[in-house]
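So the structure is just underneath, and the comments pick up after that.
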Amino acid sequence: MLITGGTVVCGDGEIIPHGEVVIEGSRIVRVGDARSGRRRHDRVIDASGRFVLPGLIDTHVHFGGGDYDPLWESVPLGLQALRSLEAAQRSLLAGCTTVRSAGAQNHLDVDVRDAIRTGVAWGPRVLASGRGITHTGGHAHEFAIEADGPGEIRKAVRSLVGRGVDSIKLFGVSAGVATAGADIGAEGFGAEEIAAAVNEASRLHRLVQVHSIGLQATRNAISAGVLAVDHGHFLDEEICSTMVERNVCLVPTFGPTYYYTEVRVAEPWRIARSDQVRPAHIESFKLALATGVRIVMGSDLGYASRMKNGENALELAQMVKHGMEPEDAVYSATHRAAELLGLASHVGSLRPGKLADLLVVDGDPLLDIGVLSTKICLVMREGVVYREDDSGNTFFQ
Ligand SMILES: [Zn+2]
């Protein structure tokens with residue numbers, strides 16, 4: 001297959017104004033200047049006037065149980081699983097060819113991943129976290145594994161790995177906006193507990209993802225050796241410098257605070273807690289940006305953050321609204337996200353040998369990031385087209 005004539009945004013810094021991408025099977029075999037007509041292809045897609053870029057990678061989503069609706073919490077497990085799958089599929093149609101589920105009740109994300117991986121269902125590439133880990137009574141204790149002290153935490157990591165997770169979600173590093181009644185700035189796990197999880201996950205070749213809101217919690221996580229801080233709503237200059245020195249990424253997750261404070265469709269207590277946090281959240285992001293912290297995209301949609309799966313690109317719009325260059329925002333969701341997830345040799349940029357995960361967009365995302373919410377006209381994952389709007393069709397294989 002040949003996609004030709006468009007501006008190719010490779011995802012790792014290079015932009016080819018009149019370029020082409022050649023795909024054989026599931027892989028990219030050529031990326032370069034357009035030399036149309038030189039070879040024969042089963043299919044030629046004319047992308048003239050359009051932009052071709054790598055499939056987006058959202059490193060922090062929730063689809064367990066389907067998009068959040070309090071009425072769905074008590075539905076039977078089978079229906080929860082089907083809702084989870086449908087939610088994951090919406091993210092693919094919206095251009096996210098890879099998502100990391102940051103925790104799901106009943107390990108539903110692991111099973112959705114396996115259904116997609118084995119061809120039982122179609123959907124994005126999923127990295128799953130299963131139930132995740134918190135401390136007794138900690139953030140997300142309603143569904144996460146409760147573990148206290150390094151020994152119990154190691155055991156919880158092993159049990160999650162036994163259930164098949166790709167990533168260990170540590171919910172209990174701090175309280176949360178969604179932890180009703182808890183002080184938002186409160187710490188959770190101590191540094192030695194986080195270090196036990198990081199060490200055990202590393203021994204078992206799994207990723208670690210930390211939910212960290214308050215400053216001391218973020219300090220604990222960084223001293224324990226994490227590669228990224230998710231949320232990080234109360235950063236200061238010192239911690240930002242440490243993040244730069246140690247190459248620790250920030251995943252700012254604007255989704256929930258944006259939704260609660262601006263759209264304001266949520267329980268009053270969530271909105272009230274978010275109103276307290278939002279100004280600090282925005283300032284932390286600006287400080288991280290100014291200090292040169294590596295920013296990676298994670299929308300934290302689904303579950304109780306109310307942005308629905310499929311609205312992932314609103315996160316990029318939020319980052320741009322608060323000072324990021326659109327081009328930088330694109331990289332936060334492509335090559336940089338792939339690096340954080342350990343997938344950069346397969347996805348995140350358009351290069352020969354990589355999997356053919358890509359988008360064609362009828363607009364310039366480097367000028368207007370909003371086109372990634374409204375003007376995606378083709379979504380391909382591993383050489384298979386899942387969405388194509390020019391023909392008026394959305395078709396699935
Ligand atoms: Zn989350």
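Numbering starts fresh at 1 for the residues of each chain in the structure tokens, the chains themselves are lettered A, B, ... in the order given, and ligands are numbered from 1 as they appear.
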Item to check | Shell of 10 Å around ligand 1 (only C-alpha atoms and all ligand atoms), written as number ranges by chain | outcome: A: 59-62, 101-104, 140, 169, 171, 176, 178, 209-211, 230-231, 253, 255-256, 298-305
Item to check | DSSP-assigned helix (DSSP H, G or I) among range 122-263 of chain A, expressed as an MDAnalysis selection string | outcome: chainID A and resid 149:163 171:173 191:203 215:223 237:245 254:263
Checklist entry - Just how far from CA of Ala272 in chain A is CA of Arg306 in chain A, in Å to one decimal? => result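 Here the two named atoms are 15.4 Å from each other.
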What are the closest atom pairs, with distances in Å to one decimal, for all residues of range 104-158 of chain A lying within 12 Å of range 42-57 of chain A? Consider only C-alpha atoms, order rows by chain and residue number, and present the result as JSON lines.
{"residue": "A:Pro124", "atom": "CA", "partner": "A:Ile57", "partner_atom": "CA", "distance": 9.7}
{"residue": "A:Arg125", "atom": "CA", "partner": "A:Ile57", "partner_atom": "CA", "distance": 9.3}
{"residue": "A:Val126", "atom": "CA", "partner": "A:Ile57", "partner_atom": "CA", "distance": 10.0}
{"residue": "A:Leu127", "atom": "CA", "partner": "A:Ile57", "partner_atom": "CA", "distance": 10.7}
Item to check | Residues near range 142-146 of chain A, cut-off 7 Å, only C-alpha atoms, skip fewer than 5 positions along chain, as number ranges by chain | outcome: A: 105, 131-136
Could you dump the residues just selected with N, CA and C atoms as a PDB file, in the first residue's frame?
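See result_28.pdb below for the written result:
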ATOM      1  N   GLN A 105     -10.980  -2.535  37.240  1.00  0.00           N
ATOM      2  CA  GLN A 105     -11.513  -3.516  38.184  1.00  0.00           C
ATOM      3  C   GLN A 105     -11.545  -4.896  37.541  1.00  0.00           C
ATOM      4  N   ARG A 131      -5.739  -4.827  38.189  1.00  0.00           N
ATOM      5  CA  ARG A 131      -6.337  -4.073  39.302  1.00  0.00           C
ATOM      6  C   ARG A 131      -5.413  -3.015  39.891  1.00  0.00           C
ATOM      7  N   GLY A 132      -4.115  -3.155  39.721  1.00  0.00           N
ATOM      8  CA  GLY A 132      -3.201  -2.194  40.326  1.00  0.00           C
ATOM      9  C   GLY A 132      -3.092  -2.402  41.831  1.00  0.00           C
ATOM     10  N   ILE A 133      -2.245  -1.579  42.465  1.00  0.00           N
ATOM     11  CA  ILE A 133      -1.926  -1.764  43.887  1.00  0.00           C
ATOM     12  C   ILE A 133      -2.113  -0.441  44.636  1.00  0.00           C
ATOM     13  N   THR A 134      -2.712  -0.526  45.807  1.00  0.00           N
ATOM     14  CA  THR A 134      -2.775   0.635  46.693  1.00  0.00           C
ATOM     15  C   THR A 134      -2.471   0.157  48.102  1.00  0.00           C
ATOM     16  N   HIS A 135      -2.360   1.097  49.040  1.00  0.00           N
ATOM     17  CA  HIS A 135      -2.202   0.683  50.444  1.00  0.00           C
ATOM     18  C   HIS A 135      -3.590   0.516  51.057  1.00  0.00           C
ATOM     19  N   THR A 136      -3.659  -0.063  52.207  1.00  0.00           N
ATOM     20  CA  THR A 136      -4.954  -0.287  52.851  1.00  0.00           C
ATOM     21  C   THR A 136      -5.703   1.030  52.975  1.00  0.00           C
TER      22      THR A 136
END
Checklist entry - Within 10 Å of Thr179 in chain A, counting only C-alpha atoms, which residues qualify if same-chain residues fewer than 6 places away don't, as a list of chain:residue names? => result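 My reading of the contact set: A:Gly137, A:Gly138, A:His139, A:Ala140, A:His141, A:Arg270, A:Arg273.
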Checklist entry - Counting only C-alpha atoms, what is within 8 Å of Leu341 in chain A, bar same-chain residues fewer than 3 positions away, as number ranges by chain? => result A: 59, 207, 337-338, 344
Item to check | Interatomic distance, CA of Asp328 in chain A to CA of Glu237 in chain A (Å, one decimal) | outcome: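 We find that CA of Asp328 in chain A and CA of Glu237 in chain A lie 21.3 Å from each other.
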Next on the checklist: As an exercise, work out the distance from CA of Gly65 in chain A to CA of Arg83 in chain A in Å and give it to one decimal place.
Outcome noted: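 Pair CA of Gly65 in chain A / CA of Arg83 in chain A returns 5.8 Å.
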Next on the checklist: I'd like to know which residues of range 175-318 of chain A are strand (DSSP E) (by DSSP, run on the backbone); could you write them as a PyMOL selection string?
Outcome noted: chain A and resi 207-212+228-231+249-251
